[in-house]
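Student: Below you'll find model-v3.txt; it's compact mmCIF, C-alpha atoms and all ligand atoms.
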```txt
# COMPACT_ATOMS: atom_id res chain seq x y z
CA MET S 278 -90.13 -45.32 5.95
CA SER S 279 -87.76 -47.47 4.02
CA ILE S 280 -84.26 -46.32 3.19
CA GLN S 281 -83.74 -45.11 -0.37
CA LYS S 282 -80.76 -46.00 -2.50
CA SER S 283 -80.32 -42.29 -3.20
CA GLN S 284 -79.72 -41.63 0.51
CA ILE S 285 -76.85 -44.11 0.46
CA GLU S 286 -75.46 -42.56 -2.72
CA ALA S 287 -75.60 -39.13 -1.14
CA ALA S 288 -73.84 -40.38 1.99
CA LEU S 289 -71.07 -42.08 0.01
CA GLY S 290 -70.75 -38.96 -2.12
CA THR S 291 -69.36 -37.24 0.96
CA VAL S 292 -66.55 -39.77 1.43
CA MET S 293 -63.29 -38.60 -0.07
CA GLU S 294 -60.70 -40.98 -1.44
CA PRO S 295 -57.78 -39.84 0.75
CA ASP S 296 -55.17 -39.90 -2.02
CA LEU S 297 -57.19 -38.88 -5.04
CA GLY S 298 -58.94 -35.95 -3.42
CA ARG S 299 -62.37 -36.67 -4.86
CA ASP S 300 -65.39 -38.49 -3.54
CA LEU S 301 -66.02 -42.17 -4.09
CA MET S 302 -69.20 -41.68 -6.14
CA THR S 303 -67.50 -39.24 -8.55
CA LEU S 304 -64.55 -41.61 -8.88
CA GLY S 305 -66.88 -44.47 -9.77
CA MET S 306 -65.64 -46.54 -6.86
CA ILE S 307 -69.10 -47.55 -5.61
CA GLU S 308 -71.16 -50.22 -7.37
CA ASN S 309 -74.18 -52.43 -6.70
CA ILE S 310 -75.83 -50.48 -3.92
CA ALA S 311 -78.70 -52.53 -2.52
CA VAL S 312 -81.09 -51.80 0.32
CA ASP S 313 -83.48 -54.42 1.68
CA GLU S 314 -86.85 -54.14 3.49
CA ALA S 315 -85.21 -54.32 6.90
CA GLY S 316 -82.93 -51.39 6.12
CA ASN S 317 -79.79 -53.44 5.58
CA VAL S 318 -77.41 -51.94 3.04
CA SER S 319 -74.79 -53.56 0.86
CA PHE S 320 -72.51 -52.20 -1.85
CA THR S 321 -69.25 -52.89 -3.60
CA LEU S 322 -66.21 -50.70 -3.04
CA VAL S 323 -64.02 -50.83 -6.14
CA LEU S 324 -60.43 -49.94 -5.24
CA THR S 325 -57.79 -48.79 -7.73
CA THR S 326 -55.47 -51.55 -6.50
CA PRO S 327 -56.01 -54.63 -4.34
CA ALA S 328 -52.82 -53.71 -2.49
CA CYS S 329 -54.27 -50.36 -1.39
CA PRO S 330 -52.88 -49.54 2.07
CA MET S 331 -55.88 -47.27 2.68
CA LYS S 332 -58.56 -49.87 2.12
CA GLU S 333 -59.65 -50.38 5.73
CA LYS S 334 -59.68 -46.65 6.27
CA ILE S 335 -61.86 -46.03 3.21
CA LYS S 336 -64.21 -48.85 4.16
CA ASN S 337 -64.64 -47.45 7.68
CA SER S 338 -65.24 -43.95 6.32
CA CYS S 339 -68.06 -45.37 4.17
CA ILE S 340 -69.69 -47.07 7.13
CA GLU S 341 -69.42 -43.96 9.29
CA ALA S 342 -70.81 -41.70 6.57
CA ILE S 343 -73.84 -43.93 6.06
CA LYS S 344 -74.50 -44.23 9.79
CA ALA S 345 -74.28 -40.46 10.19
CA ALA S 346 -76.56 -39.67 7.25
CA VAL S 347 -79.01 -42.53 7.76
CA PRO S 348 -79.13 -43.32 11.49
CA GLU S 349 -81.93 -45.89 11.05
CA VAL S 350 -79.71 -48.06 8.81
CA GLY S 351 -79.42 -51.77 9.66
CA GLU S 352 -76.43 -53.91 8.80
CA ILE S 353 -73.89 -52.45 6.37
CA GLU S 354 -72.06 -54.91 4.17
CA VAL S 355 -69.10 -53.63 2.16
CA ASN S 356 -67.80 -55.93 -0.54
CA MET S 357 -64.25 -55.05 -1.48
CA THR S 358 -62.95 -55.53 -4.98
CA SER S 359 -60.52 -53.74 -7.26
CA LYS S 360 -59.95 -52.70 -10.83
CA VAL S 361 -56.35 -51.69 -11.26
CA THR S 362 -56.12 -48.44 -13.20
CA SER S 363 -53.98 -48.18 -16.33
CA SER S 364 -50.85 -46.18 -16.75
CA CYS S 365 -51.04 -42.71 -18.31
CA SER S 366 -48.25 -43.76 -20.63
CA HIS S 367 -50.35 -46.70 -21.78
CA HIS S 368 -51.04 -46.41 -25.50
CA GLY S 369 -52.08 -49.98 -26.06
CA GLY S 370 -55.25 -51.20 -27.70
CA HIS S 371 -57.21 -51.42 -24.49
CA GLY S 372 -58.85 -48.05 -24.90
CA HIS S 373 -59.06 -47.41 -21.19
CA HIS S 374 -58.59 -43.75 -21.68
CA GLY S 375 -58.11 -43.20 -25.37
CA HIS S 376 -55.58 -40.48 -26.05
CA GLN S 377 -55.72 -38.83 -22.71
CA GLY S 378 -52.08 -39.60 -22.16
CA HIS S 379 -51.07 -36.59 -24.23
CA HIS S 380 -49.22 -34.72 -21.52
CA ASP S 381 -47.02 -37.66 -20.72
CA GLY S 382 -43.49 -36.67 -21.61
CA ASN S 383 -42.56 -40.24 -22.30
CA GLY S 384 -45.15 -41.34 -24.79
CA HIS S 385 -44.32 -39.50 -27.96
CA GLN S 386 -40.63 -38.99 -28.11
CA GLY S 387 -39.68 -42.23 -29.85
CA GLY S 388 -37.17 -41.65 -32.59
CA HIS S 389 -35.90 -38.31 -31.35
CA GLY S 390 -33.14 -38.65 -28.80
CA GLY S 391 -31.78 -42.05 -29.78
CA HIS S 392 -29.38 -43.22 -32.41
CA GLY S 393 -31.30 -44.88 -35.23
CA ALA S 394 -34.86 -44.47 -33.89
CA PRO S 395 -35.24 -46.96 -31.07
CA GLN S 396 -38.34 -49.06 -31.40
CA LYS S 397 -41.12 -48.51 -28.94
CA ILE S 398 -42.27 -51.59 -27.13
CA GLU S 399 -46.04 -51.90 -26.74
CA LEU S 400 -47.55 -54.34 -24.31
CA GLU S 401 -51.26 -53.97 -24.87
CA LYS S 402 -52.46 -56.23 -22.11
CA VAL S 403 -50.20 -54.77 -19.44
CA LYS S 404 -51.79 -52.00 -17.42
CA ASN S 405 -48.72 -50.77 -15.56
CA ILE S 406 -44.99 -51.21 -15.93
CA ILE S 407 -42.86 -50.53 -12.88
CA ALA S 408 -39.08 -50.35 -13.30
CA VAL S 409 -36.90 -50.99 -10.26
CA GLY S 410 -33.48 -49.44 -10.61
CA SER S 411 -30.47 -48.14 -8.75
CA GLY S 412 -27.19 -46.64 -9.72
CA LYS S 413 -25.22 -49.03 -7.56
CA GLY S 414 -25.08 -52.82 -7.65
CA GLY S 415 -25.95 -55.07 -4.75
CA VAL S 416 -28.28 -52.69 -2.95
CA GLY S 417 -31.23 -55.07 -3.19
CA LYS S 418 -33.06 -54.28 -6.45
CA SER S 419 -33.78 -57.91 -7.17
CA THR S 420 -34.87 -58.58 -3.61
CA VAL S 421 -37.16 -55.55 -3.63
CA SER S 422 -38.50 -56.41 -7.11
CA LEU S 423 -39.29 -59.99 -6.18
CA ASN S 424 -40.89 -59.15 -2.85
CA LEU S 425 -42.90 -56.39 -4.55
CA ALA S 426 -44.12 -58.81 -7.21
CA VAL S 427 -44.99 -61.55 -4.73
CA SER S 428 -46.70 -59.13 -2.40
CA LEU S 429 -48.84 -57.55 -5.12
CA ALA S 430 -49.78 -61.01 -6.39
CA ALA S 431 -50.73 -62.10 -2.87
CA SER S 432 -53.06 -59.12 -2.62
CA GLY S 433 -54.89 -60.40 -5.70
CA ALA S 434 -53.25 -58.48 -8.55
CA LYS S 435 -52.08 -60.08 -11.80
CA VAL S 436 -48.32 -59.65 -11.77
CA GLY S 437 -45.38 -60.29 -14.04
CA LEU S 438 -41.66 -59.93 -13.27
CA ILE S 439 -38.84 -59.50 -15.75
CA ASP S 440 -35.28 -60.04 -14.68
CA ALA S 441 -33.62 -57.59 -17.06
CA ASP S 442 -30.15 -58.43 -15.85
CA LEU S 443 -28.65 -60.29 -18.80
CA TYR S 444 -25.18 -60.68 -17.34
CA GLY S 445 -26.14 -61.67 -13.83
CA PRO S 446 -29.73 -62.92 -13.71
CA SER S 447 -30.68 -63.62 -10.11
CA ILE S 448 -34.42 -64.18 -10.09
CA PRO S 449 -34.25 -67.88 -11.10
CA THR S 450 -32.07 -68.67 -8.07
CA MET S 451 -34.13 -66.47 -5.78
CA VAL S 452 -37.27 -68.46 -6.60
CA GLY S 453 -35.53 -71.83 -6.70
CA LEU S 454 -36.02 -72.39 -10.43
CA GLN S 455 -32.50 -72.46 -11.85
CA ASP S 456 -33.36 -75.34 -14.16
CA ALA S 457 -36.79 -74.21 -15.35
CA ARG S 458 -37.18 -73.76 -19.10
CA PRO S 459 -40.24 -71.98 -20.50
CA GLU S 460 -42.49 -73.70 -23.03
CA VAL S 461 -43.16 -72.15 -26.39
CA GLN S 462 -46.73 -71.89 -27.67
CA ASN S 463 -47.68 -70.23 -30.94
CA GLY S 464 -44.23 -68.75 -31.18
CA LYS S 465 -44.40 -67.13 -27.75
CA LEU S 466 -42.60 -68.04 -24.55
CA ILE S 467 -44.89 -69.00 -21.69
CA PRO S 468 -43.63 -67.26 -18.56
CA ILE S 469 -42.58 -69.40 -15.62
CA GLU S 470 -45.07 -69.02 -12.79
CA LYS S 471 -44.26 -69.23 -9.10
CA PHE S 472 -45.66 -67.61 -5.96
CA GLY S 473 -48.47 -66.29 -8.16
CA VAL S 474 -46.05 -64.28 -10.32
CA LYS S 475 -45.32 -64.78 -14.03
CA MET S 476 -41.59 -64.51 -14.52
CA MET S 477 -39.12 -64.25 -17.33
CA SER S 478 -35.34 -64.17 -17.09
CA ILE S 479 -32.44 -64.80 -19.43
CA GLY S 480 -31.50 -67.39 -16.81
CA PHE S 481 -34.47 -69.50 -17.99
CA LEU S 482 -33.25 -69.44 -21.59
CA VAL S 483 -29.50 -69.76 -21.85
CA ASP S 484 -26.52 -70.83 -19.81
CA PRO S 485 -24.95 -68.00 -17.86
CA GLU S 486 -21.76 -68.19 -19.95
CA THR S 487 -23.65 -67.62 -23.21
CA ALA S 488 -25.11 -64.28 -22.19
CA LEU S 489 -21.75 -63.05 -20.97
CA ILE S 490 -20.38 -62.68 -24.50
CA TRP S 491 -23.31 -60.55 -25.70
CA ARG S 492 -22.70 -56.89 -26.17
CA GLY S 493 -24.60 -53.98 -27.65
CA PRO S 494 -27.24 -54.98 -30.22
CA MET S 495 -27.13 -58.66 -29.24
CA ALA S 496 -27.89 -57.81 -25.66
CA SER S 497 -30.61 -55.36 -26.60
CA SER S 498 -32.36 -57.85 -28.84
CA ALA S 499 -32.15 -60.58 -26.20
CA LEU S 500 -33.71 -58.23 -23.70
CA ARG S 501 -36.40 -57.29 -26.17
CA GLN S 502 -37.26 -60.96 -26.55
CA LEU S 503 -37.74 -61.33 -22.82
CA ILE S 504 -40.37 -58.64 -23.06
CA VAL S 505 -42.21 -58.92 -26.37
CA ASP S 506 -41.85 -62.59 -27.26
CA VAL S 507 -43.59 -63.65 -24.06
CA ASP S 508 -47.26 -64.49 -23.70
CA TRP S 509 -47.93 -62.37 -20.60
CA GLN S 510 -51.72 -62.32 -20.91
CA GLU S 511 -53.45 -59.60 -18.92
CA LEU S 512 -51.28 -58.05 -16.22
CA ASP S 513 -52.06 -55.34 -13.70
CA TYR S 514 -48.37 -54.81 -12.95
CA LEU S 515 -45.25 -55.83 -14.79
CA ILE S 516 -42.16 -55.32 -12.65
CA PHE S 517 -38.77 -54.78 -14.24
CA ASP S 518 -35.77 -55.69 -12.18
CA LEU S 519 -33.17 -53.55 -13.96
CA PRO S 520 -29.49 -54.39 -14.07
CA PRO S 521 -27.30 -52.15 -11.91
CA GLY S 522 -26.04 -48.92 -13.37
CA THR S 523 -27.20 -46.36 -15.87
CA GLY S 524 -25.58 -47.60 -19.06
CA ASP S 525 -26.90 -48.06 -22.59
CA ILE S 526 -29.02 -51.12 -21.82
CA GLN S 527 -30.88 -49.36 -19.05
CA LEU S 528 -31.29 -46.19 -21.06
CA THR S 529 -32.65 -47.95 -24.16
CA LEU S 530 -35.04 -49.91 -22.02
CA VAL S 531 -36.47 -47.05 -20.02
CA GLN S 532 -36.76 -44.97 -23.16
CA ASN S 533 -38.78 -47.47 -25.13
CA LEU S 534 -40.94 -49.23 -22.63
CA GLY S 535 -43.73 -46.82 -21.76
CA ILE S 536 -42.88 -47.23 -18.09
CA THR S 537 -45.60 -46.11 -15.67
CA GLY S 538 -43.10 -45.19 -13.03
CA ALA S 539 -39.73 -46.09 -11.57
CA VAL S 540 -38.78 -47.17 -8.09
CA VAL S 541 -35.23 -46.43 -7.05
CA VAL S 542 -33.53 -48.54 -4.43
CA THR S 543 -30.62 -47.48 -2.28
CA THR S 544 -28.85 -48.35 0.92
CA PRO S 545 -28.33 -45.55 3.43
CA GLN S 546 -24.62 -44.87 2.90
CA GLU S 547 -23.23 -41.93 0.92
CA VAL S 548 -21.73 -43.93 -1.95
CA ALA S 549 -25.04 -45.60 -2.69
CA LEU S 550 -26.87 -42.29 -2.56
CA ALA S 551 -24.41 -40.73 -4.99
CA ASP S 552 -25.12 -43.56 -7.40
CA VAL S 553 -28.87 -43.46 -6.97
CA ALA S 554 -28.72 -39.82 -8.01
CA LYS S 555 -27.47 -41.01 -11.40
CA ALA S 556 -30.43 -43.36 -11.75
CA VAL S 557 -32.81 -40.55 -10.85
CA THR S 558 -31.20 -38.34 -13.48
CA MET S 559 -31.53 -41.08 -16.08
CA PHE S 560 -35.25 -41.61 -15.43
CA ARG S 561 -35.96 -37.90 -15.42
CA LYS S 562 -34.00 -37.34 -18.62
CA VAL S 563 -36.26 -39.71 -20.54
CA GLY S 564 -39.43 -38.52 -18.82
CA VAL S 565 -40.15 -41.58 -16.67
CA PRO S 566 -42.01 -40.53 -13.53
CA ILE S 567 -40.32 -41.60 -10.31
CA LEU S 568 -42.72 -43.32 -7.93
CA GLY S 569 -40.30 -42.97 -5.06
CA LEU S 570 -37.28 -44.24 -3.22
CA VAL S 571 -36.90 -47.41 -1.14
CA GLU S 572 -34.15 -47.61 1.45
CA ASN S 573 -32.96 -51.17 1.85
CA MET S 574 -30.69 -52.56 4.59
CA SER S 575 -31.69 -49.63 6.78
CA TRP S 576 -30.70 -51.19 10.06
CA TYR S 577 -29.90 -54.49 11.70
CA GLU S 578 -32.15 -55.59 14.49
CA LEU S 579 -30.25 -56.98 17.47
CA PRO S 580 -31.69 -59.86 19.47
CA ASP S 581 -32.78 -57.47 22.23
CA GLY S 582 -34.80 -55.44 19.75
CA THR S 583 -32.47 -52.46 19.47
CA ARG S 584 -31.50 -51.24 16.03
CA ASP S 585 -27.99 -50.97 14.75
CA TYR S 586 -27.85 -48.44 11.90
CA ILE S 587 -24.83 -50.02 10.27
CA PHE S 588 -24.83 -47.80 7.17
CA GLY S 589 -25.92 -44.57 8.83
CA ARG S 590 -29.33 -43.23 9.54
CA GLN S 591 -32.12 -41.94 7.33
CA GLY S 592 -29.86 -41.22 4.37
CA GLY S 593 -32.57 -42.46 2.02
CA GLU S 594 -35.34 -40.43 3.53
CA ARG S 595 -33.25 -37.25 3.44
CA PHE S 596 -32.22 -37.92 -0.14
CA ALA S 597 -35.83 -38.44 -1.18
CA GLN S 598 -36.83 -35.19 0.44
CA ALA S 599 -34.00 -33.21 -1.09
CA ASN S 600 -34.85 -34.59 -4.53
CA ALA S 601 -38.61 -34.14 -4.40
CA MET S 602 -39.37 -37.85 -4.33
CA THR S 603 -41.78 -39.87 -2.27
CA PHE S 604 -40.07 -41.97 0.37
CA LEU S 605 -41.59 -45.43 -0.01
CA GLY S 606 -40.20 -46.96 3.15
CA SER S 607 -37.26 -48.68 4.80
CA ILE S 608 -36.48 -52.39 4.83
CA PRO S 609 -34.17 -53.62 7.60
CA ILE S 610 -31.35 -56.10 7.16
CA SER S 611 -32.34 -59.58 8.06
CA SER S 612 -30.76 -62.96 7.67
CA SER S 613 -34.14 -64.33 6.57
CA VAL S 614 -34.05 -62.09 3.50
CA ARG S 615 -30.63 -63.27 2.47
CA GLU S 616 -31.43 -66.91 3.26
CA GLY S 617 -34.70 -66.56 1.38
CA GLY S 618 -32.78 -65.40 -1.68
CA ASP S 619 -30.39 -68.30 -1.37
CA ILE S 620 -32.90 -71.09 -0.72
CA GLY S 621 -35.35 -69.92 -3.33
CA THR S 622 -38.26 -68.74 -1.21
CA PRO S 623 -38.75 -65.00 -0.79
CA ALA S 624 -38.82 -63.90 2.84
CA ILE S 625 -42.30 -62.54 2.38
CA ILE S 626 -43.52 -66.13 1.77
CA ALA S 627 -41.16 -68.02 4.06
CA ARG S 628 -41.57 -65.70 7.05
CA PRO S 629 -44.51 -63.36 6.45
CA ASP S 630 -44.52 -62.10 10.04
CA ALA S 631 -40.84 -61.15 10.21
CA PRO S 632 -40.23 -57.38 10.47
CA THR S 633 -38.47 -57.33 7.09
CA SER S 634 -41.37 -59.08 5.40
CA GLN S 635 -43.83 -56.68 6.93
CA ALA S 636 -41.67 -53.78 5.81
CA ALA S 637 -41.46 -55.19 2.29
CA SER S 638 -45.26 -55.59 2.13
CA ARG S 639 -45.74 -52.03 3.30
CA VAL S 640 -43.36 -50.82 0.61
CA ALA S 641 -45.31 -52.83 -1.99
CA GLY S 642 -48.60 -51.26 -0.87
CA GLU S 643 -47.01 -47.84 -0.99
CA ILE S 644 -45.77 -48.43 -4.55
CA ALA S 645 -49.21 -49.61 -5.69
CA ARG S 646 -50.68 -46.54 -4.06
CA GLN S 647 -48.30 -44.20 -5.87
CA VAL S 648 -49.15 -45.91 -9.18
CA SER S 649 -52.86 -45.31 -8.53
CA ILE S 650 -52.23 -41.67 -7.67
CA LEU S 651 -50.17 -41.18 -10.82
CA ASN S 652 -52.79 -42.89 -12.98
CA ALA S 653 -55.48 -40.63 -11.59
CA THR S 654 -53.63 -37.55 -12.85
CA CYS S 655 -54.13 -38.41 -16.52
CA LYS S 656 -57.82 -39.08 -16.02
CA ALA S 657 -58.37 -35.87 -14.12
CA ASP S 658 -58.23 -33.46 -17.04
N1 LIG S 701 -32.89 -56.41 3.56
C1 LIG S 701 -31.96 -57.32 3.38
N2 LIG S 701 -31.47 -58.04 4.42
C2 LIG S 701 -30.50 -58.98 4.21
N3 LIG S 701 -29.96 -59.29 3.04
C3 LIG S 701 -30.41 -58.60 1.96
C4 LIG S 701 -31.42 -57.59 2.06
N4 LIG S 701 -31.65 -57.11 0.81
C5 LIG S 701 -30.83 -57.78 -0.02
N5 LIG S 701 -30.07 -58.67 0.66
C6 LIG S 701 -29.04 -59.58 0.11
O1 LIG S 701 -28.05 -58.76 -0.52
C7 LIG S 701 -27.58 -59.38 -1.72
C8 LIG S 701 -27.83 -58.42 -2.90
O2 LIG S 701 -29.23 -58.24 -3.07
P1 LIG S 701 -29.88 -58.17 -4.51
O3 LIG S 701 -29.37 -59.28 -5.37
O4 LIG S 701 -31.33 -58.06 -4.32
O5 LIG S 701 -29.27 -56.79 -5.00
P2 LIG S 701 -29.25 -56.16 -6.45
O6 LIG S 701 -29.27 -54.69 -6.28
O7 LIG S 701 -30.31 -56.75 -7.29
O8 LIG S 701 -27.86 -56.64 -6.97
P3 LIG S 701 -27.29 -56.53 -8.48
O9 LIG S 701 -26.86 -55.12 -8.61
O10 LIG S 701 -26.17 -57.51 -8.49
O11 LIG S 701 -28.41 -56.87 -9.41
C9 LIG S 701 -28.35 -60.69 -1.84
O12 LIG S 701 -27.57 -61.71 -1.28
C10 LIG S 701 -29.58 -60.47 -0.98
O13 LIG S 701 -30.10 -61.68 -0.46
MG MG S 702 -30.18 -57.74 -9.16
```
Mind converting the file's structure to structure tokens?

Tutor:
Amino acid sequence: MSIQKSQIEAALGTVMEPDLGRDLMTLGMIENIAVDEAGNVSFTLVLTTPACPMKEKIKNSCIEAIKAAVPEVGEIEVNMTSKVTSSCSHHGGHGHHGHQGHHDGNGHQGGHGGHGAPQKIELEKVKNIIAVGSGKGGVGKSTVSLNLAVSLAASGAKVGLIDADLYGPSIPTMVGLQDARPEVQNGKLIPIEKFGVKMMSIGFLVDPETALIWRGPMASSALRQLIVDVDWQELDYLIFDLPPGTGDIQLTLVQNLGITGAVVVTTPQEVALADVAKAVTMFRKVGVPILGLVENMSWYELPDGTRDYIFGRQGGERFAQANAMTFLGSIPISSSVREGGDIGTPAIIARPDAPTSQAASRVAGEIARQVSILNATCKAD
């Protein structure tokens, strides 16, 4: 008796996606099931993000389920691919999920809270916008943003990165492109591409001294240009490295961008945590979901492998818990991170096996996972 495709479908219908709480068949994550004469089975597993930290686990669950339900099965070949899901706050022309974003507190409040009806920014080809913020400066937002972008791109996602810090752009230096100038085609800026990431920064457009004199509307319109006057093409994730603080620029931006979710970065010490609370309040006030908290500079690893918790221990994790946020992970202090930033190669590329790089990749996977979970909530009803 040959194996029927329906037996395989039934078996895979018992495999639950661990985060989304439904089975892979119902979620549409299985495609191209094929069974040959000899009883060999192949199918495609379509993940919600290529950076999915659960992918091996899901794949193994599929194999086990088939073996249990169809013991006579031959070889099982699982082809892994991904289709990144779109943000619930996505109202662009893509039509991924029509108007299902209705319960999103962020999508329809344009023109209410602001002075003079702030203009909504629509990026039709961008599936997800992730803002990286913190209340305090120097905690590692830019480092986390860049490593997140590079890591997601390395996993196969289409990624953009905007350095929204007009007064102190740091991304150009961090990727070794201080002198790069974007081309203009059909009236749009072509983003600068490096390490697989499309980037835009005020640092690519004007001399640092020029931006320093901008205030208020000038600054806002410059920032707007970095977003809307750029030919991003299709992106799975657009990462925003926000300037430090919770001032007008940050508020206008998070209010008008249709952000999928925010990542807040902190260091473990009390002062940083007090400031990150302000960032959390800002995001919540304008209805931007918080994907979670990253604790950077968590410890310093001594040559003998012991950890020195210079800034105290687990402050970030406790804060996340107390504020009902997901803890996205800790990144230790490492000279390779700082050097990477200075020499223009992110640590994740220069030293992929270093503990900090591994930690940064894990954090990136965790962020992608939280985006997928969030995006599933607007499709569920
Ligand atoms: N895990 C780490 N280990 C070692 N150095 C780090 C780490 N994270 C960040 N740094 C260094 O700390 C400095 C500040 O980091 P970064 O520029 O990313 O912070 P920021 O929050 O973006 O700062 P700003 O508020 O000025 O925008 C940089 O020199 C960076 O290389
Ligand atoms: Mg920065």

Student: Counting only C-alpha atoms and all ligand atoms, name the residues that have an atom within 9 Å of an atom of ligand LIG 701 (chain S); the answer should be given as a ChimeraX atom specification.

Tutor: /S:410-423,442,445-448,451,518-522,542-543,573-577,607-619,633,637

Student: Give me the residues near Val350 (chain S) as a count of residues only, where near means some atom within 10 Å (using only C-alpha atoms) and where sequence neighbours in that chain fewer than 5 positions away do not count.

Tutor: 11

Student: Just to confirm, what's the straight-line distance from CA of Pro580 (chain S) to CA of Ala631 (chain S) in Å (one decimal)?

Tutor: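 Between these atoms lies a distance of 13.1 Å.
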
Student: Could you work out how far CA of Thr537 (chain S) lies from CA of Cys365 (chain S), giving the answer in Å with one decimal?

Tutor: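 Interatomic distance here is 6.9 Å.
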
Student: Tell me which residues come within 7 Å of (-50.7, -56.7, -18.0), as a PyMOL selection string, counting all atoms listed in the file in the file's coordinates.

Tutor: chain S and resi 402-405+509-515

Student: For a test of reading the model, state the distance in Å between CA of Gly464 (chain S) and CA of Val436 (chain S), rounded to one decimal.

Tutor: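 Computing it gives 21.8 Å between the two atoms.
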
Student: My list of candidates is S:Gln546, S:Ser366, S:Gln598, S:Asn424. Which is closest to Val565 (chain S) when distances are computed with only C-alpha atoms?

Tutor: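 Closest to Val565 (chain S) of all the choices is S:Ser366.
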
Student: Return the single residue from S:Ile310, S:Leu289, S:Ala539, S:Leu443 that is closest to ligand MG 702 (chain S), with distances computed using all atoms listed in the file.

Tutor: S:Leu443

Student: Anything within 8 Å of (-27.3, -42.9, -9.5): list those residues as a list in words, counting only C-alpha atoms and sticking to the file's coordinates.

Tutor: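 Applying the cut-off with only C-alpha atoms, one gets Ser411, Gly412, Lys413, Gly522, Thr523, Ala549, Leu550, Ala551, Asp552, Val553, Ala554, Lys555, Ala556, Val557 and Thr558 of chain S.
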
Student: Of the residues S:Gly437, S:Pro348, S:Pro449, S:Gly305, which is the one nearest to ligand MG 702 (chain S), using only C-alpha atoms and all ligand atoms?

Tutor: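 Answer, going by the shortest atom-to-atom distance: S:Pro449.
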
Student: Name the closest residue to Glu643 (chain S) among the candidates S:Ser498, S:Thr326, S:Asn533, S:Gln591; distances are taken between atoms, counting all atoms listed in the file.

Tutor: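 Nearest to Glu643 (chain S): S:Thr326.
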
Student: Determine the nearest neighbour of Asp300 (chain S) from the options S:Ala328, S:Ile650, S:Cys339, S:Ile469, counting all atoms listed in the file.

Tutor: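 Of S:Ala328, S:Ile650, S:Cys339, S:Ile469, the one nearest Asp300 (chain S) is S:Cys339, counting all atoms listed in the file.
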
Student: Determine the nearest neighbour of Cys329 (chain S) from the options S:Glu314, S:Val292, S:Gly433, S:Ile504, counting all atoms listed in the file.

Tutor: S:Gly433

Student: Applying 8 Å and only C-alpha atoms, which residues near Ser428 (chain S) remain after dropping the ones on its own chain fewer than 4 positions away? List them as a PyMOL selection string.

Tutor: chain S and resi 424+432+625+638+641

Student: Tell me which protein, DNA and RNA residues are within 6 Å of region 480-494 of chain S, counting only C-alpha atoms, leaving out same-chain ones fewer than 6 positions away, and put them as a list in words.

Tutor: Tyr444, Pro446, Ala457 and Arg458 of chain S
